[in-house]
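Everything below belongs to query-v5.cif, which stores mmCIF, C-alpha atoms, pLDDT in the B column; chains and numbers go by the auth columns.
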data_work
loop_
_atom_site.group_PDB
_atom_site.id
_atom_site.type_symbol
_atom_site.label_atom_id
_atom_site.label_comp_id
_atom_site.label_asym_id
_atom_site.label_seq_id
_atom_site.Cartn_x
_atom_site.Cartn_y
_atom_site.Cartn_z
_atom_site.B_iso_or_equiv
_atom_site.auth_seq_id
_atom_site.auth_asym_id
ATOM 1 C CA MET A 1 14.944 -13.227 40.702 53.00 1 L
ATOM 2 C CA ARG A 2 12.880 -14.382 37.730 54.00 2 L
ATOM 3 C CA ARG A 3 12.929 -12.348 34.573 56.00 3 L
ATOM 4 C CA ARG A 4 9.626 -11.208 33.194 54.00 4 L
ATOM 5 C CA ARG A 5 8.615 -12.139 29.708 48.00 5 L
ATOM 6 C CA PRO A 6 8.297 -9.297 27.233 49.00 6 L
ATOM 7 C CA LEU A 7 4.796 -7.873 26.881 46.00 7 L
ATOM 8 C CA ARG A 8 4.856 -7.599 23.096 44.00 8 L
ATOM 9 C CA PRO A 9 3.017 -10.901 22.426 45.00 9 L
ATOM 10 C CA LEU A 10 0.269 -9.847 24.842 40.00 10 L
ATOM 11 C CA ARG A 11 -0.304 -6.665 22.866 41.00 11 L
ATOM 12 C CA ARG A 12 -1.222 -8.734 19.843 43.00 12 L
ATOM 13 C CA LEU A 13 -3.501 -10.976 21.862 40.00 13 L
ATOM 14 C CA PHE A 14 -5.543 -8.023 23.006 43.00 14 L
ATOM 15 C CA GLY A 15 -5.648 -6.278 19.652 55.00 15 L
ATOM 16 C CA ALA A 16 -3.345 -3.352 20.352 56.00 16 L
ATOM 17 C CA PRO A 17 -2.236 -1.649 17.157 58.00 17 L
ATOM 18 C CA PRO A 18 1.211 -2.509 15.837 68.00 18 L
ATOM 19 C CA ARG A 19 4.058 -0.135 16.511 82.00 19 L
ATOM 20 C CA VAL A 20 4.550 2.198 13.606 88.00 20 L
ATOM 21 C CA PRO A 21 8.167 2.692 12.569 90.00 21 L
ATOM 22 C CA PRO A 22 9.191 6.361 12.814 93.00 22 L
ATOM 23 C CA ALA A 23 10.729 6.039 9.342 95.00 23 L
ATOM 24 C CA LEU A 24 7.282 5.264 7.919 95.00 24 L
ATOM 25 C CA ARG A 25 5.776 8.305 9.626 95.00 25 L
ATOM 26 C CA ARG A 26 8.597 10.487 8.280 96.00 26 L
ATOM 27 C CA ALA A 27 8.235 9.101 4.751 96.00 27 L
ATOM 28 C CA ASN A 28 4.500 9.819 4.708 95.00 28 L
ATOM 29 C CA ALA A 29 5.098 13.290 6.167 96.00 29 L
ATOM 30 C CA TRP A 30 7.638 14.010 3.407 97.00 30 L
ATOM 31 C CA MET A 31 5.085 12.917 0.801 96.00 31 L
ATOM 32 C CA ALA A 32 2.469 15.225 2.307 95.00 32 L
ATOM 33 C CA ALA A 33 4.975 18.098 2.354 96.00 33 L
ATOM 34 C CA GLY A 34 5.974 17.567 -1.280 97.00 34 L
ATOM 35 C CA GLU A 35 9.493 16.360 -0.450 98.00 35 L
ATOM 36 C CA TYR A 36 9.185 13.479 -2.881 97.00 36 L
ATOM 37 C CA LEU A 37 12.836 12.524 -3.269 97.00 37 L
ATOM 38 C CA ALA A 38 13.362 12.145 0.488 97.00 38 L
ATOM 39 C CA ALA A 39 10.093 10.215 0.720 97.00 39 L
ATOM 40 C CA ALA A 40 11.100 7.922 -2.157 97.00 40 L
ATOM 41 C CA GLU A 41 14.409 7.048 -0.533 98.00 41 L
ATOM 42 C CA ALA A 42 12.697 6.332 2.790 97.00 42 L
ATOM 43 C CA PHE A 43 9.998 4.176 1.182 97.00 43 L
ATOM 44 C CA GLU A 44 12.653 2.263 -0.758 98.00 44 L
ATOM 45 C CA ARG A 45 14.540 1.432 2.455 97.00 45 L
ATOM 46 C CA LEU A 46 11.303 0.410 4.168 97.00 46 L
ATOM 47 C CA ALA A 47 10.246 -1.720 1.182 97.00 47 L
ATOM 48 C CA ARG A 48 13.580 -3.548 0.975 97.00 48 L
ATOM 49 C CA GLY A 49 13.459 -4.246 4.711 96.00 49 L
ATOM 50 C CA ALA A 50 9.867 -5.482 4.513 95.00 50 L
ATOM 51 C CA GLU A 51 10.725 -7.685 1.540 96.00 51 L
ATOM 52 C CA THR A 52 13.738 -9.154 3.334 96.00 52 L
ATOM 53 C CA ARG A 53 11.539 -10.017 6.311 94.00 53 L
ATOM 54 C CA ARG A 54 8.734 -11.212 4.007 93.00 54 L
ATOM 55 C CA LEU A 55 6.219 -8.806 5.476 91.00 55 L
ATOM 56 C CA PRO A 56 2.850 -8.333 3.753 91.00 56 L
ATOM 57 C CA ARG A 57 3.388 -4.557 3.508 93.00 57 L
ATOM 58 C CA ALA A 58 6.311 -4.787 1.056 96.00 58 L
ATOM 59 C CA PRO A 59 4.300 -4.423 -2.199 97.00 59 L
ATOM 60 C CA HIS A 60 2.493 -1.344 -0.887 96.00 60 L
ATOM 61 C CA LEU A 61 5.780 0.243 0.173 97.00 61 L
ATOM 62 C CA TYR A 62 7.306 -0.382 -3.279 98.00 62 L
ATOM 63 C CA LEU A 63 4.229 1.150 -4.899 97.00 63 L
ATOM 64 C CA ARG A 64 4.486 4.204 -2.637 97.00 64 L
ATOM 65 C CA ALA A 65 8.223 4.506 -3.427 98.00 65 L
ATOM 66 C CA GLY A 66 7.369 4.424 -7.125 97.00 66 L
ATOM 67 C CA GLN A 67 4.726 7.084 -6.709 97.00 67 L
ATOM 68 C CA ALA A 68 7.214 9.304 -4.862 97.00 68 L
ATOM 69 C CA ARG A 69 9.879 8.815 -7.571 97.00 69 L
ATOM 70 C CA ILE A 70 7.402 9.759 -10.293 97.00 70 L
ATOM 71 C CA LEU A 71 6.316 12.854 -8.364 97.00 71 L
ATOM 72 C CA ALA A 72 10.012 13.740 -7.965 97.00 72 L
ATOM 73 C CA GLY A 73 10.410 13.602 -11.757 96.00 73 L
ATOM 74 C CA GLU A 74 12.242 10.261 -11.837 97.00 74 L
ATOM 75 C CA THR A 75 9.671 8.411 -13.915 97.00 75 L
ATOM 76 C CA ALA A 76 11.823 5.481 -15.067 97.00 76 L
ATOM 77 C CA GLN A 77 12.900 4.545 -11.548 97.00 77 L
ATOM 78 C CA GLY A 78 9.376 5.111 -10.253 97.00 78 L
ATOM 79 C CA MET A 79 7.959 2.772 -12.882 98.00 79 L
ATOM 80 C CA GLU A 80 10.435 0.072 -11.835 98.00 80 L
ATOM 81 C CA HIS A 81 9.166 0.251 -8.259 98.00 81 L
ATOM 82 C CA ILE A 82 5.527 0.287 -9.328 97.00 82 L
ATOM 83 C CA ARG A 83 5.997 -2.691 -11.612 98.00 83 L
ATOM 84 C CA TYR A 84 7.843 -4.589 -8.877 98.00 84 L
ATOM 85 C CA GLY A 85 5.121 -3.854 -6.303 97.00 85 L
ATOM 86 C CA LEU A 86 2.456 -5.092 -8.720 97.00 86 L
ATOM 87 C CA GLU A 87 4.525 -8.206 -9.500 97.00 87 L
ATOM 88 C CA MET A 88 4.766 -8.939 -5.773 97.00 88 L
ATOM 89 C CA LEU A 89 0.970 -8.780 -5.465 96.00 89 L
ATOM 90 C CA ALA A 90 0.645 -11.161 -8.427 96.00 90 L
ATOM 91 C CA ALA A 91 3.236 -13.562 -7.009 96.00 91 L
ATOM 92 C CA ARG A 92 1.243 -13.697 -3.786 94.00 92 L
ATOM 93 C CA GLY A 93 -2.000 -14.344 -5.666 93.00 93 L
ATOM 94 C CA GLN A 94 -3.590 -11.156 -4.378 92.00 94 L
ATOM 95 C CA TRP A 95 -5.726 -10.739 -7.499 92.00 95 L
ATOM 96 C CA PRO A 96 -8.408 -8.362 -6.194 92.00 96 L
ATOM 97 C CA ALA A 97 -5.726 -6.056 -4.757 92.00 97 L
ATOM 98 C CA LEU A 98 -3.716 -6.251 -7.982 95.00 98 L
ATOM 99 C CA HIS A 99 -6.812 -5.349 -9.991 94.00 99 L
ATOM 100 C CA ARG A 100 -7.857 -2.397 -7.810 93.00 100 L
ATOM 101 C CA ILE A 101 -4.391 -0.966 -7.269 95.00 101 L
ATOM 102 C CA GLY A 102 -3.354 -1.560 -10.869 96.00 102 L
ATOM 103 C CA ARG A 103 -6.411 0.301 -12.181 95.00 103 L
ATOM 104 C CA ARG A 104 -5.695 3.193 -9.804 95.00 104 L
ATOM 105 C CA VAL A 105 -2.068 3.342 -10.977 97.00 105 L
ATOM 106 C CA VAL A 106 -3.178 3.434 -14.627 97.00 106 L
ATOM 107 C CA ARG A 107 -5.662 6.227 -13.859 96.00 107 L
ATOM 108 C CA GLU A 108 -3.065 8.290 -11.948 96.00 108 L
ATOM 109 C CA LEU A 109 -0.425 7.864 -14.667 97.00 109 L
ATOM 110 C CA ASN A 110 -2.905 8.996 -17.320 97.00 110 L
ATOM 111 C CA GLU A 111 -3.839 12.011 -15.170 96.00 111 L
ATOM 112 C CA ARG A 112 -0.157 13.000 -15.070 96.00 112 L
ATOM 113 C CA GLY A 113 0.138 12.691 -18.832 97.00 113 L
ATOM 114 C CA LEU A 114 2.266 9.554 -18.598 97.00 114 L
ATOM 115 C CA ASN A 115 0.185 7.707 -21.166 97.00 115 L
ATOM 116 C CA ALA A 116 2.909 5.347 -22.404 97.00 116 L
ATOM 117 C CA GLU A 117 3.674 4.276 -18.842 97.00 117 L
ATOM 118 C CA ALA A 118 -0.040 3.828 -18.136 97.00 118 L
ATOM 119 C CA GLN A 119 -0.299 1.614 -21.221 97.00 119 L
ATOM 120 C CA GLN A 120 2.625 -0.522 -19.961 97.00 120 L
ATOM 121 C CA ILE A 121 0.803 -1.161 -16.686 96.00 121 L
ATOM 122 C CA GLU A 122 -2.493 -1.776 -18.517 96.00 122 L
ATOM 123 C CA THR A 123 -0.790 -4.378 -20.716 96.00 123 L
ATOM 124 C CA TYR A 124 0.830 -6.001 -17.681 96.00 124 L
ATOM 125 C CA LEU A 125 -2.546 -6.256 -15.941 95.00 125 L
ATOM 126 C CA GLU A 126 -4.215 -7.767 -19.020 94.00 126 L
ATOM 127 C CA GLU A 127 -1.464 -10.379 -19.296 94.00 127 L
ATOM 128 C CA THR A 128 -1.307 -11.155 -15.578 93.00 128 L
ATOM 129 C CA LEU A 129 -4.788 -11.008 -14.083 90.00 129 L
ATOM 130 C CA PRO A 130 -6.729 -14.253 -14.230 88.00 130 L
ATOM 131 C CA GLU A 131 -10.102 -14.358 -15.935 77.00 131 L
ATOM 132 C CA MET A 132 -12.756 -13.426 -13.399 61.00 132 L
ATOM 133 C CA PRO A 133 -16.182 -15.069 -13.669 49.00 133 L
ATOM 134 C CA ALA A 134 -18.988 -12.703 -14.622 49.00 134 L
ATOM 135 C CA GLY A 135 -20.564 -11.051 -11.615 48.00 135 L
ATOM 136 C CA THR A 136 -17.534 -11.569 -9.372 46.00 136 L
ATOM 137 C CA PRO A 137 -17.057 -8.373 -7.376 49.00 137 L
ATOM 138 C CA MET A 138 -13.454 -7.206 -7.390 45.00 138 L
ATOM 139 C CA SER A 139 -14.070 -4.794 -4.551 46.00 139 L
ATOM 140 C CA ALA A 140 -15.169 -6.087 -1.183 46.00 140 L
ATOM 141 C CA ALA A 141 -15.194 -2.542 0.150 43.00 141 L
ATOM 142 C CA ARG A 142 -18.657 -1.433 -0.943 47.00 142 L
ATOM 143 C CA ARG A 143 -19.424 0.001 2.441 56.00 143 L
ATOM 144 C CA LYS A 144 -21.318 2.968 3.748 68.00 144 L
ATOM 145 C CA VAL A 145 -18.530 3.692 6.244 81.00 145 L
ATOM 146 C CA THR A 146 -16.360 6.768 5.734 89.00 146 L
ATOM 147 C CA LEU A 147 -12.677 6.315 6.509 91.00 147 L
ATOM 148 C CA PRO A 148 -10.265 9.146 7.233 92.00 148 L
ATOM 149 C CA THR A 149 -8.207 10.039 4.168 92.00 149 L
ATOM 150 C CA HIS A 150 -4.949 9.192 5.966 93.00 150 L
ATOM 151 C CA CYS A 151 -3.992 6.667 8.635 92.00 151 L
ATOM 152 C CA PRO A 152 -3.836 8.349 12.059 92.00 152 L
ATOM 153 C CA ALA A 153 -0.890 6.137 13.045 91.00 153 L
ATOM 154 C CA CYS A 154 1.481 6.455 10.069 92.00 154 L
ATOM 155 C CA GLY A 155 -0.014 9.106 7.793 93.00 155 L
ATOM 156 C CA GLY A 156 -0.361 6.770 4.793 93.00 156 L
ATOM 157 C CA PRO A 157 -3.283 7.232 2.417 94.00 157 L
ATOM 158 C CA LEU A 158 -6.407 5.163 3.082 91.00 158 L
ATOM 159 C CA ARG A 159 -8.512 4.161 0.099 90.00 159 L
ATOM 160 C CA PRO A 160 -11.707 2.302 1.058 87.00 160 L
ATOM 161 C CA ASP A 161 -11.536 0.109 -2.038 84.00 161 L
ATOM 162 C CA GLU A 162 -7.909 -0.915 -1.373 85.00 162 L
ATOM 163 C CA VAL A 163 -7.807 -1.562 2.366 87.00 163 L
ATOM 164 C CA GLU A 164 -8.442 -4.872 4.027 87.00 164 L
ATOM 165 C CA TRP A 165 -11.610 -4.647 6.089 87.00 165 L
ATOM 166 C CA LEU A 166 -11.426 -6.257 9.507 87.00 166 L
ATOM 167 C CA ASP A 167 -15.151 -5.849 10.166 88.00 167 L
ATOM 168 C CA ASP A 168 -17.987 -3.630 8.939 87.00 168 L
ATOM 169 C CA VAL A 169 -16.461 -0.397 10.264 88.00 169 L
ATOM 170 C CA THR A 170 -12.756 -1.150 10.777 89.00 170 L
ATOM 171 C CA ALA A 171 -10.104 -1.264 8.061 89.00 171 L
ATOM 172 C CA GLU A 172 -6.414 -2.140 8.261 90.00 172 L
ATOM 173 C CA CYS A 173 -3.841 0.366 7.012 91.00 173 L
ATOM 174 C CA ALA A 174 -1.933 -1.121 4.076 90.00 174 L
ATOM 175 C CA TYR A 175 1.313 0.509 5.214 90.00 175 L
ATOM 176 C CA CYS A 176 1.499 -0.035 8.982 90.00 176 L
ATOM 177 C CA GLY A 177 -1.268 -2.531 9.755 88.00 177 L
ATOM 178 C CA SER A 178 -3.021 -0.269 12.245 89.00 178 L
ATOM 179 C CA PRO A 179 -6.763 -0.717 12.567 91.00 179 L
ATOM 180 C CA VAL A 180 -8.670 2.396 11.494 91.00 180 L
ATOM 181 C CA ARG A 181 -12.332 2.828 12.398 89.00 181 L
ATOM 182 C CA GLY A 182 -14.635 4.550 10.003 86.00 182 L
ATOM 183 C CA GLU A 183 -17.688 6.627 10.792 82.00 183 L
#

Could you write out this file's structure as C-alpha coordinates?
Amino acid sequence: MRRRRPLRPLRRLFGAPPRVPPALRRANAWMAAGEYLAAAEAFERLARGAETRRLPRAPHLYLRAGQARILAGETAQGMEHIRYGLEMLAARGQWPALHRIGRRVVRELNERGLNAEAQQIETYLEETLPEMPAGTPMSAARRKVTLPTHCPACGGPLRPDEVEWLDDVTAECAYCGSPVRGE
(Lines of atoms letter the chains of each structure in order from A and count residues from 1; the text may use other names and numbers.)
(Lines give C-alpha, C1' and ligand atoms only; values in the text may rest on other atoms or scores of the structure.)
Protein backbone atom coordinates (compact mmCIF):
# COMPACT_ATOMS: atom_id res chain seq x y z
CA MET A 1 0.00 0.00 0.00
CA ARG A 2 1.32 3.45 -0.91
CA ARG A 3 1.89 5.96 1.82
CA ARG A 4 0.21 9.30 1.49
CA ARG A 5 2.24 12.45 1.48
CA PRO A 6 1.72 14.79 4.41
CA LEU A 7 -0.83 17.53 3.82
CA ARG A 8 1.20 20.31 5.41
CA PRO A 9 2.65 21.68 2.13
CA LEU A 10 -0.86 21.84 0.66
CA ARG A 11 -2.01 24.02 3.54
CA ARG A 12 0.52 26.64 2.54
CA LEU A 13 -0.47 26.43 -1.11
CA PHE A 14 -4.05 27.27 -0.28
CA GLY A 15 -3.26 30.00 2.21
CA ALA A 16 -4.25 28.26 5.43
CA PRO A 17 -2.88 30.06 8.47
CA PRO A 18 0.25 28.64 10.06
CA ARG A 19 -0.09 26.50 13.14
CA VAL A 20 0.39 28.56 16.25
CA PRO A 21 2.61 26.97 18.88
CA PRO A 22 0.74 26.50 22.17
CA ALA A 23 3.75 28.00 23.96
CA LEU A 24 3.21 31.27 22.08
CA ARG A 25 -0.46 31.34 23.05
CA ARG A 26 0.46 30.68 26.69
CA ALA A 27 3.15 33.38 26.68
CA ASN A 28 0.73 35.98 25.32
CA ALA A 29 -1.94 34.87 27.80
CA TRP A 30 0.55 35.29 30.66
CA MET A 31 1.36 38.80 29.42
CA ALA A 32 -2.34 39.68 29.32
CA ALA A 33 -2.81 38.28 32.83
CA GLY A 34 0.14 40.24 34.24
CA GLU A 35 2.30 37.15 34.83
CA TYR A 36 5.31 38.84 33.30
CA LEU A 37 8.08 36.59 34.59
CA ALA A 38 6.45 33.43 33.23
CA ALA A 39 5.76 35.23 29.95
CA ALA A 40 9.37 36.44 29.72
CA GLU A 41 10.76 32.94 30.18
CA ALA A 42 8.38 31.55 27.55
CA PHE A 43 9.20 34.31 25.05
CA GLU A 44 12.92 33.77 25.63
CA ARG A 45 12.60 30.05 24.82
CA LEU A 46 10.52 30.84 21.73
CA ALA A 47 12.99 33.51 20.60
CA ARG A 48 16.03 31.25 20.98
CA GLY A 49 14.25 28.50 19.04
CA ALA A 50 13.22 30.91 16.29
CA GLU A 51 16.75 32.29 16.09
CA THR A 52 18.24 28.81 15.87
CA ARG A 53 15.89 27.98 13.00
CA ARG A 54 16.46 31.43 11.43
CA LEU A 55 12.78 32.27 11.47
CA PRO A 56 11.67 35.84 10.70
CA ARG A 57 9.75 36.07 14.00
CA ALA A 58 12.86 35.90 16.22
CA PRO A 59 13.43 39.68 16.62
CA HIS A 60 9.80 40.25 17.60
CA LEU A 61 9.96 37.45 20.16
CA TYR A 62 13.14 38.91 21.70
CA LEU A 63 11.48 42.32 21.87
CA ARG A 64 8.42 40.80 23.57
CA ALA A 65 10.68 38.93 26.03
CA GLY A 66 12.40 42.22 26.84
CA GLN A 67 9.09 43.96 27.38
CA ALA A 68 7.99 41.17 29.74
CA ARG A 69 11.27 41.34 31.71
CA ILE A 70 10.92 45.10 32.13
CA LEU A 71 7.31 44.73 33.28
CA ALA A 72 8.51 42.07 35.75
CA GLY A 73 10.98 44.59 37.20
CA GLU A 74 14.08 43.07 35.58
CA THR A 75 15.04 46.12 33.55
CA ALA A 76 18.68 45.22 32.81
CA GLN A 77 17.82 41.81 31.38
CA GLY A 78 14.84 43.26 29.53
CA MET A 79 17.04 45.89 27.92
CA GLU A 80 19.44 43.18 26.73
CA HIS A 81 16.60 41.41 24.94
CA ILE A 82 15.24 44.63 23.46
CA ARG A 83 18.65 45.68 22.20
CA TYR A 84 19.25 42.23 20.71
CA GLY A 85 15.86 42.23 18.95
CA LEU A 86 16.59 45.65 17.47
CA GLU A 87 20.08 44.52 16.40
CA MET A 88 18.53 41.53 14.63
CA LEU A 89 16.22 43.85 12.67
CA ALA A 90 19.23 46.00 11.71
CA ALA A 91 21.29 42.97 10.68
CA ARG A 92 18.46 41.90 8.39
CA GLY A 93 18.20 45.38 6.88
CA GLN A 94 14.64 45.83 8.07
CA TRP A 95 15.02 49.60 8.40
CA PRO A 96 11.37 50.68 8.39
CA ALA A 97 10.54 48.08 11.05
CA LEU A 98 13.59 49.10 13.10
CA HIS A 99 12.52 52.74 12.91
CA ARG A 100 8.88 52.14 13.88
CA ILE A 101 9.54 49.59 16.60
CA GLY A 102 12.52 51.49 17.96
CA ARG A 103 10.49 54.69 18.29
CA ARG A 104 7.71 52.77 20.05
CA VAL A 105 10.23 51.23 22.47
CA VAL A 106 11.67 54.68 23.27
CA ARG A 107 8.17 56.06 23.87
CA GLU A 108 7.18 53.14 26.14
CA LEU A 109 10.42 53.34 28.15
CA ASN A 110 9.91 57.08 28.69
CA GLU A 111 6.30 56.43 29.78
CA ARG A 112 7.60 54.01 32.42
CA GLY A 113 10.11 56.56 33.68
CA LEU A 114 13.06 54.63 32.27
CA ASN A 115 14.56 57.71 30.67
CA ALA A 116 18.20 56.56 30.69
CA GLU A 117 17.23 53.31 28.99
CA ALA A 118 15.12 55.22 26.46
CA GLN A 119 18.12 57.43 25.70
CA GLN A 120 20.29 54.32 25.11
CA ILE A 121 17.83 53.05 22.50
CA GLU A 122 17.50 56.53 20.97
CA THR A 123 21.29 56.74 20.62
CA TYR A 124 21.42 53.25 19.11
CA LEU A 125 18.78 54.19 16.54
CA GLU A 126 20.59 57.41 15.60
CA GLU A 127 23.84 55.50 15.10
CA THR A 128 22.28 52.57 13.25
CA LEU A 129 19.47 53.81 11.02
CA PRO A 130 20.53 54.86 7.55
CA GLU A 131 19.77 58.36 6.32
CA MET A 132 16.31 58.35 4.77
CA PRO A 133 15.66 60.66 1.81
CA ALA A 134 13.23 63.49 2.53
CA GLY A 135 9.64 62.50 1.92
CA THR A 136 10.30 58.77 2.29
CA PRO A 137 7.42 57.32 4.31
CA MET A 138 8.63 55.05 7.09
CA SER A 139 5.18 53.62 7.63
CA ALA A 140 3.47 51.74 4.85
CA ALA A 141 0.49 51.15 7.12
CA ARG A 142 -1.43 54.38 6.57
CA ARG A 143 -4.67 52.55 6.08
CA LYS A 144 -8.27 53.16 6.93
CA VAL A 145 -8.66 49.54 8.05
CA THR A 146 -9.12 48.80 11.75
CA LEU A 147 -7.31 45.72 13.03
CA PRO A 148 -8.19 43.88 16.22
CA THR A 149 -5.89 44.87 19.08
CA HIS A 150 -4.65 41.28 19.47
CA CYS A 151 -4.10 38.40 17.06
CA PRO A 152 -7.03 35.95 17.22
CA ALA A 153 -4.64 33.03 16.68
CA CYS A 154 -1.87 33.67 19.22
CA GLY A 155 -3.01 36.63 21.32
CA GLY A 156 -0.02 38.83 20.39
CA PRO A 157 -0.51 42.58 20.08
CA LEU A 158 -1.28 43.95 16.62
CA ARG A 159 -0.07 47.45 15.81
CA PRO A 160 -1.18 48.67 12.37
CA ASP A 161 2.05 50.61 11.86
CA GLU A 162 4.25 47.59 12.71
CA VAL A 163 2.56 44.69 10.92
CA GLU A 164 3.32 43.54 7.43
CA TRP A 165 0.31 44.15 5.22
CA LEU A 166 -0.55 41.34 2.85
CA ASP A 167 -3.18 43.38 1.00
CA ASP A 168 -5.37 46.41 1.69
CA VAL A 169 -7.32 44.76 4.52
CA THR A 170 -5.16 41.83 5.67
CA ALA A 171 -2.12 42.05 7.93
CA GLU A 172 0.29 39.35 9.09
CA CYS A 173 0.82 38.83 12.82
CA ALA A 174 4.45 39.56 13.71
CA TYR A 175 4.52 36.73 16.25
CA CYS A 176 2.80 33.77 14.58
CA GLY A 177 2.42 34.78 10.93
CA SER A 178 -1.35 34.35 10.89
CA PRO A 179 -3.25 36.56 8.48
CA VAL A 180 -5.59 38.96 10.29
CA ARG A 181 -8.34 40.78 8.40
CA GLY A 182 -9.26 44.26 9.40
CA GLU A 183 -12.64 45.94 9.14

Any chance you could resolve the PyMOL selection byres ((chain L and resi 77-94) around 8) against this file and give the residues as a list in words?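 Checked against the file, the PyMOL selection byres ((chain L and resi 77-94) around 8) matches Ala58, Pro59, His60, Leu61, Tyr62, Leu63, Arg64, Ala65, Gly66, Gln67, Ala68, Arg69, Ile70, Glu74, Thr75, Ala76, Trp95, Pro96, Ala97, Leu98, Gly102, Glu117, Ile121, Thr128 and Leu129 of chain L.
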
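Put simply, atom CA of L:Glu122 is 23.0 Å away from atom CA of L:Leu158.
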
When you draw a straight line from atom CA of L:Ala171 to atom CA of L:Ala27, how long is it in Å?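 These two atoms are separated by 21.3 Å.
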
Rank nothing, just name the residue among L:Val169, L:Asn28, L:Arg19, L:Gly73 nearest to L:His150, using all atoms listed in the file.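 Checking each of L:Val169, L:Asn28, L:Arg19, L:Gly73 against L:His150, counting all atoms listed in the file, the winner is L:Asn28.
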
Residues near L:Val180, cut-off 7 Å, only C-alpha atoms, skip fewer than 2 positions along chain, as a list in words: Cys151, Thr170, Ala171, Glu172, Cys173, Ser178 and Gly182 of chain L

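Picture a line from atom CA of L:Pro160 to atom CA of L:Val20; it runs 20.5 Å.
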
Could you tell me which of L:Glu44, L:Glu162, L:Glu51, L:Glu35 comes closest to L:Ala72 if we count all atoms listed in the file?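 Ranked by minimum distance to L:Ala72, first place goes to L:Glu35.
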
Pick from L:Arg104, L:Ala33, L:Arg25, L:Ala118: nearest to L:Ala153, with all atoms listed in the file counted?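 Among the listed residues, L:Arg25 lies closest to L:Ala153.
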
Could you write out as a list in words the residues that the PyMOL selection byres ((chain L and resi 26) around 12) matches in the shown file?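 Written out, the selection comes to Val20, Pro21, Pro22, Ala23, Leu24, Arg25, Ala27, Asn28, Ala29, Trp30, Met31, Ala32, Ala33, Glu35, Tyr36, Ala38, Ala39, Ala40, Glu41, Ala42, Phe43, Leu46, Ala153, Cys154, Gly155 and Gly156 of chain L.
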
As lines of an AutoDock Vina configuration file, what would the box around stretch 66-70 of chain L look like: edges along x, y and z, 8 Å added on every side, centre and edge lengths in Å to one decimal?
center_x = 7.3
center_y = 7.1
center_z = -7.6
size_x = 21.2
size_y = 21.3
size_z = 21.4
